[in-house]
Amino acid sequence: MYKNSKNMTGTELPYEKCLAKGAEFLTDSELLAVILRTGTNGKTAVELARDILEADCGQLLNIYSLSLTELQQFAGIGQVKAIQLKCIGELSKRIACTERFRRIALQDARSVAVYYMEQLRHEQQERLIVCMFDAKCRLLGDEVVSIGTVNASLISPREIFLKAMEHRAVRIILLHNHPSGMAVPSQSDKNVTEQVSQAGALIGIDLSDHIIIGDNEYYSFREHGLL
């Protein structure tokens, strides 16, 4: 049960509220308090949860953006609780990705973008991912092939197509994120797309699209007629 729970009214106790009404009726701070379980001297678990949610005005996104060290700056959050919070954040990403996997379609750039949106939109560095598809347009798997600036001089088409051949893919899609949140292609993005497209044409593996992920937005080279 919660530390300092004697000072809370019945409607403020997340466990009791969940039992009476269901988890969907809990506020964000109450849901987080269930994970925290205990507060600290002078603060209930719900109040501690509110402190975390109000930091940087990120609300629930703070679970993604705050590092383990930053989480431990809150009184009452030790290493174990910080790890639990980061794992909850990661679990939420994977649940969202599992649901979206069922809807992904090679011909639909939006379905691909939505599938990878939660995975990529919060990353602080650019990540280039190659998604591989079979002849029936089914997703075979994906691989991160670069972390850092996506630059044609640093990207190896050889590595990309070795991954594709390992999965026996006949089509690929490139995806990468822009940490700025703006899904606008740079000249370097265009150079990478052209370089990989030309290499794929030589070996018979089609680059079907290159999708840039921003903050709740995406840019598809195919939708804009550039592939």
# chains A, B, ... in the order shown; residues from 1 in each chain; ligands from 1
>>> residues_around(residues="range 210-223 of chain A", least_positions_apart="3", cutoff="9 Å", atoms="only C-alpha atoms", output="PyMOL selection string")
chain A and resi 109-110+112-114+116-118+120-122+172-185+189-190+193+207+226-227
>>> residues_around(residues="Glu166 in chain A", least_positions_apart="6", cutoff="12 Å", atoms="only C-alpha atoms", output="list in words")
Met132, Phe133, Asp134, Leu140, Gly141, Asp142, Glu143, Glu159 and Ile160 of chain A
>>> write_last_selection(atoms="C-alpha atoms", output="PDB file, in the first residue's frame")
ATOM      1  CA  MET A 132      12.898  -5.447 -45.571  1.00  0.00           C
ATOM      2  CA  PHE A 133       9.961  -6.937 -47.460  1.00  0.00           C
ATOM      3  CA  ASP A 134       9.363 -10.123 -49.429  1.00  0.00           C
ATOM      4  CA  LEU A 140      10.477  -9.535 -42.923  1.00  0.00           C
ATOM      5  CA  GLY A 141      12.299  -7.438 -40.357  1.00  0.00           C
ATOM      6  CA  ASP A 142      14.303  -4.282 -39.827  1.00  0.00           C
ATOM      7  CA  GLU A 143      17.837  -3.309 -38.856  1.00  0.00           C
ATOM      8  CA  GLU A 159      25.869  -2.833 -45.449  1.00  0.00           C
ATOM      9  CA  ILE A 160      22.238  -1.998 -46.241  1.00  0.00           C
TER      10      ILE A 160
END
>>> select_by_dssp(residues="range 33-206 of chain A", states="helix (DSSP H, G or I)", output="PyMOL selection string")
chain A and resi 33-36+45-57+59-65+68-71+79-101+109-120+157-166+187-203
>>> residues_around(residues="range 88-96 of chain A", least_positions_apart="4", cutoff="12 Å", atoms="only C-alpha atoms", output="PyMOL selection string")
chain A and resi 31-32+34-36+60-68+81-84+100-103+114-122
>>> residues_around(residues="Arg37 in chain A", least_positions_apart="2", cutoff="12 Å", atoms="only C-alpha atoms", output="NGL selection string")
:A and (1-5 or 13-15 or 29-35 or 39-40 or 44-49 or 76-77 or 81 or 84-85)
>>> residues_around(residues="Val196 in chain A", least_positions_apart="2", cutoff="10 Å", atoms="only C-alpha atoms", output="MDAnalysis selection string")
chainID A and resid 152 155:158 160:161 174 191:194 198:201 205:207 210
>>> select_by_dssp(residues="range 61-149 of chain A", states="strand (DSSP E)", output="list of chain:residue names")
A:Arg127, A:Leu128, A:Ile129, A:Val130, A:Cys131, A:Met132, A:Phe133, A:Leu139, A:Leu140, A:Gly141, A:Asp142, A:Glu143, A:Val144, A:Val145, A:Ser146, A:Ile147
>>> write_last_selection(atoms="all heavy atoms", output="compact mmCIF listing (two decimals), in the first residue's frame")
# COMPACT_ATOMS: atom_id res chain seq x y z
N ARG A 127 18.69 8.06 -36.50
CA ARG A 127 18.88 6.62 -36.69
C ARG A 127 18.36 6.25 -38.06
O ARG A 127 17.24 6.62 -38.42
CB ARG A 127 18.12 5.81 -35.62
CG ARG A 127 18.74 5.90 -34.24
CD ARG A 127 17.90 5.19 -33.20
NE ARG A 127 18.54 5.25 -31.90
CZ ARG A 127 19.25 4.27 -31.37
NH1 ARG A 127 19.39 3.14 -32.02
NH2 ARG A 127 19.81 4.40 -30.18
N LEU A 128 19.15 5.53 -38.82
CA LEU A 128 18.74 5.07 -40.14
C LEU A 128 18.40 3.59 -40.04
O LEU A 128 19.22 2.77 -39.62
CB LEU A 128 19.85 5.28 -41.16
CG LEU A 128 19.54 4.81 -42.59
CD1 LEU A 128 18.42 5.65 -43.21
CD2 LEU A 128 20.79 4.89 -43.46
N ILE A 129 17.18 3.26 -40.42
CA ILE A 129 16.68 1.89 -40.34
C ILE A 129 16.36 1.40 -41.74
O ILE A 129 15.79 2.14 -42.56
CB ILE A 129 15.42 1.82 -39.46
CG1 ILE A 129 15.74 2.19 -38.02
CG2 ILE A 129 14.78 0.43 -39.52
CD1 ILE A 129 14.54 2.23 -37.10
N VAL A 130 16.72 0.16 -42.03
CA VAL A 130 16.31 -0.46 -43.29
C VAL A 130 15.23 -1.50 -42.96
O VAL A 130 15.41 -2.35 -42.10
CB VAL A 130 17.50 -1.11 -44.04
CG1 VAL A 130 18.23 -2.12 -43.17
CG2 VAL A 130 17.01 -1.76 -45.34
N CYS A 131 14.07 -1.37 -43.61
CA CYS A 131 12.96 -2.30 -43.45
C CYS A 131 12.93 -3.20 -44.68
O CYS A 131 12.99 -2.71 -45.81
CB CYS A 131 11.63 -1.56 -43.33
SG CYS A 131 11.64 -0.29 -42.08
N MET A 132 12.79 -4.49 -44.47
CA MET A 132 12.90 -5.45 -45.57
C MET A 132 11.59 -6.19 -45.81
O MET A 132 10.93 -6.61 -44.86
CB MET A 132 14.04 -6.42 -45.26
CG MET A 132 15.40 -5.71 -45.26
SD MET A 132 16.65 -6.46 -44.20
CE MET A 132 16.10 -5.99 -42.56
N PHE A 133 11.24 -6.34 -47.07
CA PHE A 133 9.96 -6.94 -47.46
C PHE A 133 10.19 -8.06 -48.46
O PHE A 133 11.14 -8.03 -49.26
CB PHE A 133 9.05 -5.89 -48.10
CG PHE A 133 8.65 -4.77 -47.16
CD1 PHE A 133 9.52 -3.71 -46.93
CD2 PHE A 133 7.42 -4.78 -46.53
CE1 PHE A 133 9.17 -2.68 -46.08
CE2 PHE A 133 7.07 -3.76 -45.66
CZ PHE A 133 7.94 -2.70 -45.43
N LEU A 139 6.43 -7.58 -44.28
CA LEU A 139 7.61 -7.11 -43.57
C LEU A 139 8.37 -8.30 -43.00
O LEU A 139 7.85 -9.08 -42.22
CB LEU A 139 7.21 -6.16 -42.44
CG LEU A 139 8.35 -5.57 -41.60
CD1 LEU A 139 9.27 -4.71 -42.46
CD2 LEU A 139 7.78 -4.74 -40.45
N LEU A 140 9.64 -8.44 -43.39
CA LEU A 140 10.48 -9.54 -42.92
C LEU A 140 11.25 -9.17 -41.67
O LEU A 140 11.62 -10.03 -40.87
CB LEU A 140 11.47 -9.93 -44.02
CG LEU A 140 10.87 -10.44 -45.33
CD1 LEU A 140 11.95 -10.58 -46.40
CD2 LEU A 140 10.16 -11.77 -45.12
N GLY A 141 11.53 -7.89 -41.50
CA GLY A 141 12.30 -7.44 -40.36
C GLY A 141 12.92 -6.09 -40.63
O GLY A 141 12.74 -5.52 -41.71
N ASP A 142 13.62 -5.57 -39.65
CA ASP A 142 14.30 -4.28 -39.83
C ASP A 142 15.63 -4.29 -39.09
O ASP A 142 15.85 -5.12 -38.20
CB ASP A 142 13.43 -3.12 -39.37
CG ASP A 142 12.99 -3.25 -37.91
OD1 ASP A 142 13.81 -3.69 -37.08
OD2 ASP A 142 11.84 -2.91 -37.60
N GLU A 143 16.51 -3.41 -39.47
CA GLU A 143 17.84 -3.31 -38.86
C GLU A 143 18.25 -1.84 -38.80
O GLU A 143 18.03 -1.10 -39.77
CB GLU A 143 18.88 -4.07 -39.68
CG GLU A 143 18.66 -5.57 -39.79
CD GLU A 143 19.27 -6.34 -38.63
OE1 GLU A 143 19.91 -5.69 -37.76
OE2 GLU A 143 19.10 -7.56 -38.59
N VAL A 144 18.84 -1.43 -37.69
CA VAL A 144 19.45 -0.11 -37.59
C VAL A 144 20.81 -0.19 -38.26
O VAL A 144 21.66 -0.99 -37.87
CB VAL A 144 19.60 0.34 -36.13
CG1 VAL A 144 20.32 1.69 -36.06
CG2 VAL A 144 18.25 0.44 -35.44
N VAL A 145 21.05 0.62 -39.28
CA VAL A 145 22.31 0.56 -40.02
C VAL A 145 23.20 1.76 -39.76
O VAL A 145 24.36 1.78 -40.16
CB VAL A 145 22.07 0.39 -41.54
CG1 VAL A 145 21.48 -0.96 -41.84
CG2 VAL A 145 21.19 1.51 -42.08
N SER A 146 22.66 2.78 -39.09
CA SER A 146 23.48 3.96 -38.80
C SER A 146 22.87 4.75 -37.65
O SER A 146 21.65 4.88 -37.55
CB SER A 146 23.58 4.86 -40.04
OG SER A 146 24.27 6.05 -39.75
N ILE A 147 23.73 5.24 -36.76
CA ILE A 147 23.31 6.13 -35.69
C ILE A 147 24.17 7.38 -35.76
O ILE A 147 25.40 7.29 -35.77
CB ILE A 147 23.46 5.48 -34.30
CG1 ILE A 147 22.57 4.23 -34.20
CG2 ILE A 147 23.09 6.47 -33.20
CD1 ILE A 147 22.74 3.48 -32.89
>>> atom_distance(atom1="CA of Ala75 in chain A", atom2="CA of Gly42 in chain A")
10.5 Å
>>> atom_distance(atom1="CA of Ala55 in chain A", atom2="CA of Gln73 in chain A")
11.2 Å
>>> atom_distance(atom1="CA of Thr38 in chain A", atom2="CA of Gln59 in chain A")
19.6 Å
>>> closest_residue(among="A:His224, A:Cys87, A:Arg171, A:Glu54", to="Cys137 in chain A", atoms="only C-alpha atoms")
A:Arg171
>>> decode(residues="range 64-82 of chain A", atoms="N, CA and C atoms", output="PDB file, in the first residue's frame")
ATOM      1  N   TYR A  64       9.918   9.198 -21.227  1.00  0.00           N
ATOM      2  CA  TYR A  64      10.854   8.953 -22.327  1.00  0.00           C
ATOM      3  C   TYR A  64      12.081   9.857 -22.221  1.00  0.00           C
ATOM      4  N   SER A  65      11.841  11.134 -21.986  1.00  0.00           N
ATOM      5  CA  SER A  65      12.901  12.130 -22.152  1.00  0.00           C
ATOM      6  C   SER A  65      13.857  12.245 -20.970  1.00  0.00           C
ATOM      7  N   LEU A  66      13.379  12.015 -19.748  1.00  0.00           N
ATOM      8  CA  LEU A  66      14.257  12.113 -18.585  1.00  0.00           C
ATOM      9  C   LEU A  66      15.155  10.880 -18.494  1.00  0.00           C
ATOM     10  N   SER A  67      16.428  11.100 -18.270  1.00  0.00           N
ATOM     11  CA  SER A  67      17.380  10.003 -18.152  1.00  0.00           C
ATOM     12  C   SER A  67      17.276   9.356 -16.776  1.00  0.00           C
ATOM     13  N   LEU A  68      17.941   8.220 -16.599  1.00  0.00           N
ATOM     14  CA  LEU A  68      17.968   7.569 -15.292  1.00  0.00           C
ATOM     15  C   LEU A  68      18.519   8.521 -14.225  1.00  0.00           C
ATOM     16  N   THR A  69      19.578   9.225 -14.567  1.00  0.00           N
ATOM     17  CA  THR A  69      20.182  10.167 -13.624  1.00  0.00           C
ATOM     18  C   THR A  69      19.229  11.299 -13.269  1.00  0.00           C
ATOM     19  N   GLU A  70      18.537  11.831 -14.284  1.00  0.00           N
ATOM     20  CA  GLU A  70      17.600  12.933 -14.051  1.00  0.00           C
ATOM     21  C   GLU A  70      16.421  12.485 -13.196  1.00  0.00           C
ATOM     22  N   LEU A  71      15.928  11.282 -13.411  1.00  0.00           N
ATOM     23  CA  LEU A  71      14.816  10.772 -12.609  1.00  0.00           C
ATOM     24  C   LEU A  71      15.216  10.634 -11.142  1.00  0.00           C
ATOM     25  N   GLN A  72      16.461  10.268 -10.926  1.00  0.00           N
ATOM     26  CA  GLN A  72      16.923  10.075  -9.555  1.00  0.00           C
ATOM     27  C   GLN A  72      17.149  11.383  -8.804  1.00  0.00           C
ATOM     28  N   GLN A  73      16.979  12.510  -9.492  1.00  0.00           N
ATOM     29  CA  GLN A  73      17.081  13.803  -8.820  1.00  0.00           C
ATOM     30  C   GLN A  73      15.820  14.111  -8.013  1.00  0.00           C
ATOM     31  N   PHE A  74      14.735  13.393  -8.284  1.00  0.00           N
ATOM     32  CA  PHE A  74      13.496  13.589  -7.531  1.00  0.00           C
ATOM     33  C   PHE A  74      13.608  12.857  -6.191  1.00  0.00           C
ATOM     34  N   ALA A  75      13.303  13.546  -5.118  1.00  0.00           N
ATOM     35  CA  ALA A  75      13.322  12.913  -3.804  1.00  0.00           C
ATOM     36  C   ALA A  75      12.349  11.742  -3.796  1.00  0.00           C
ATOM     37  N   GLY A  76      12.823  10.576  -3.405  1.00  0.00           N
ATOM     38  CA  GLY A  76      11.961   9.397  -3.384  1.00  0.00           C
ATOM     39  C   GLY A  76      12.162   8.484  -4.570  1.00  0.00           C
ATOM     40  N   ILE A  77      12.954   8.936  -5.579  1.00  0.00           N
ATOM     41  CA  ILE A  77      13.232   8.109  -6.757  1.00  0.00           C
ATOM     42  C   ILE A  77      14.682   7.641  -6.690  1.00  0.00           C
ATOM     43  N   GLY A  78      14.851   6.379  -6.370  1.00  0.00           N
ATOM     44  CA  GLY A  78      16.183   5.786  -6.367  1.00  0.00           C
ATOM     45  C   GLY A  78      16.442   5.083  -7.680  1.00  0.00           C
ATOM     46  N   GLN A  79      17.531   4.349  -7.725  1.00  0.00           N
ATOM     47  CA  GLN A  79      17.913   3.678  -8.969  1.00  0.00           C
ATOM     48  C   GLN A  79      16.860   2.671  -9.422  1.00  0.00           C
ATOM     49  N   VAL A  80      16.331   1.887  -8.485  1.00  0.00           N
ATOM     50  CA  VAL A  80      15.351   0.853  -8.844  1.00  0.00           C
ATOM     51  C   VAL A  80      14.091   1.473  -9.447  1.00  0.00           C
ATOM     52  N   LYS A  81      13.545   2.505  -8.797  1.00  0.00           N
ATOM     53  CA  LYS A  81      12.330   3.141  -9.321  1.00  0.00           C
ATOM     54  C   LYS A  81      12.602   3.823 -10.664  1.00  0.00           C
ATOM     55  N   ALA A  82      13.777   4.423 -10.811  1.00  0.00           N
ATOM     56  CA  ALA A  82      14.118   5.063 -12.082  1.00  0.00           C
ATOM     57  C   ALA A  82      14.162   4.029 -13.201  1.00  0.00           C
TER      58      ALA A  82
END
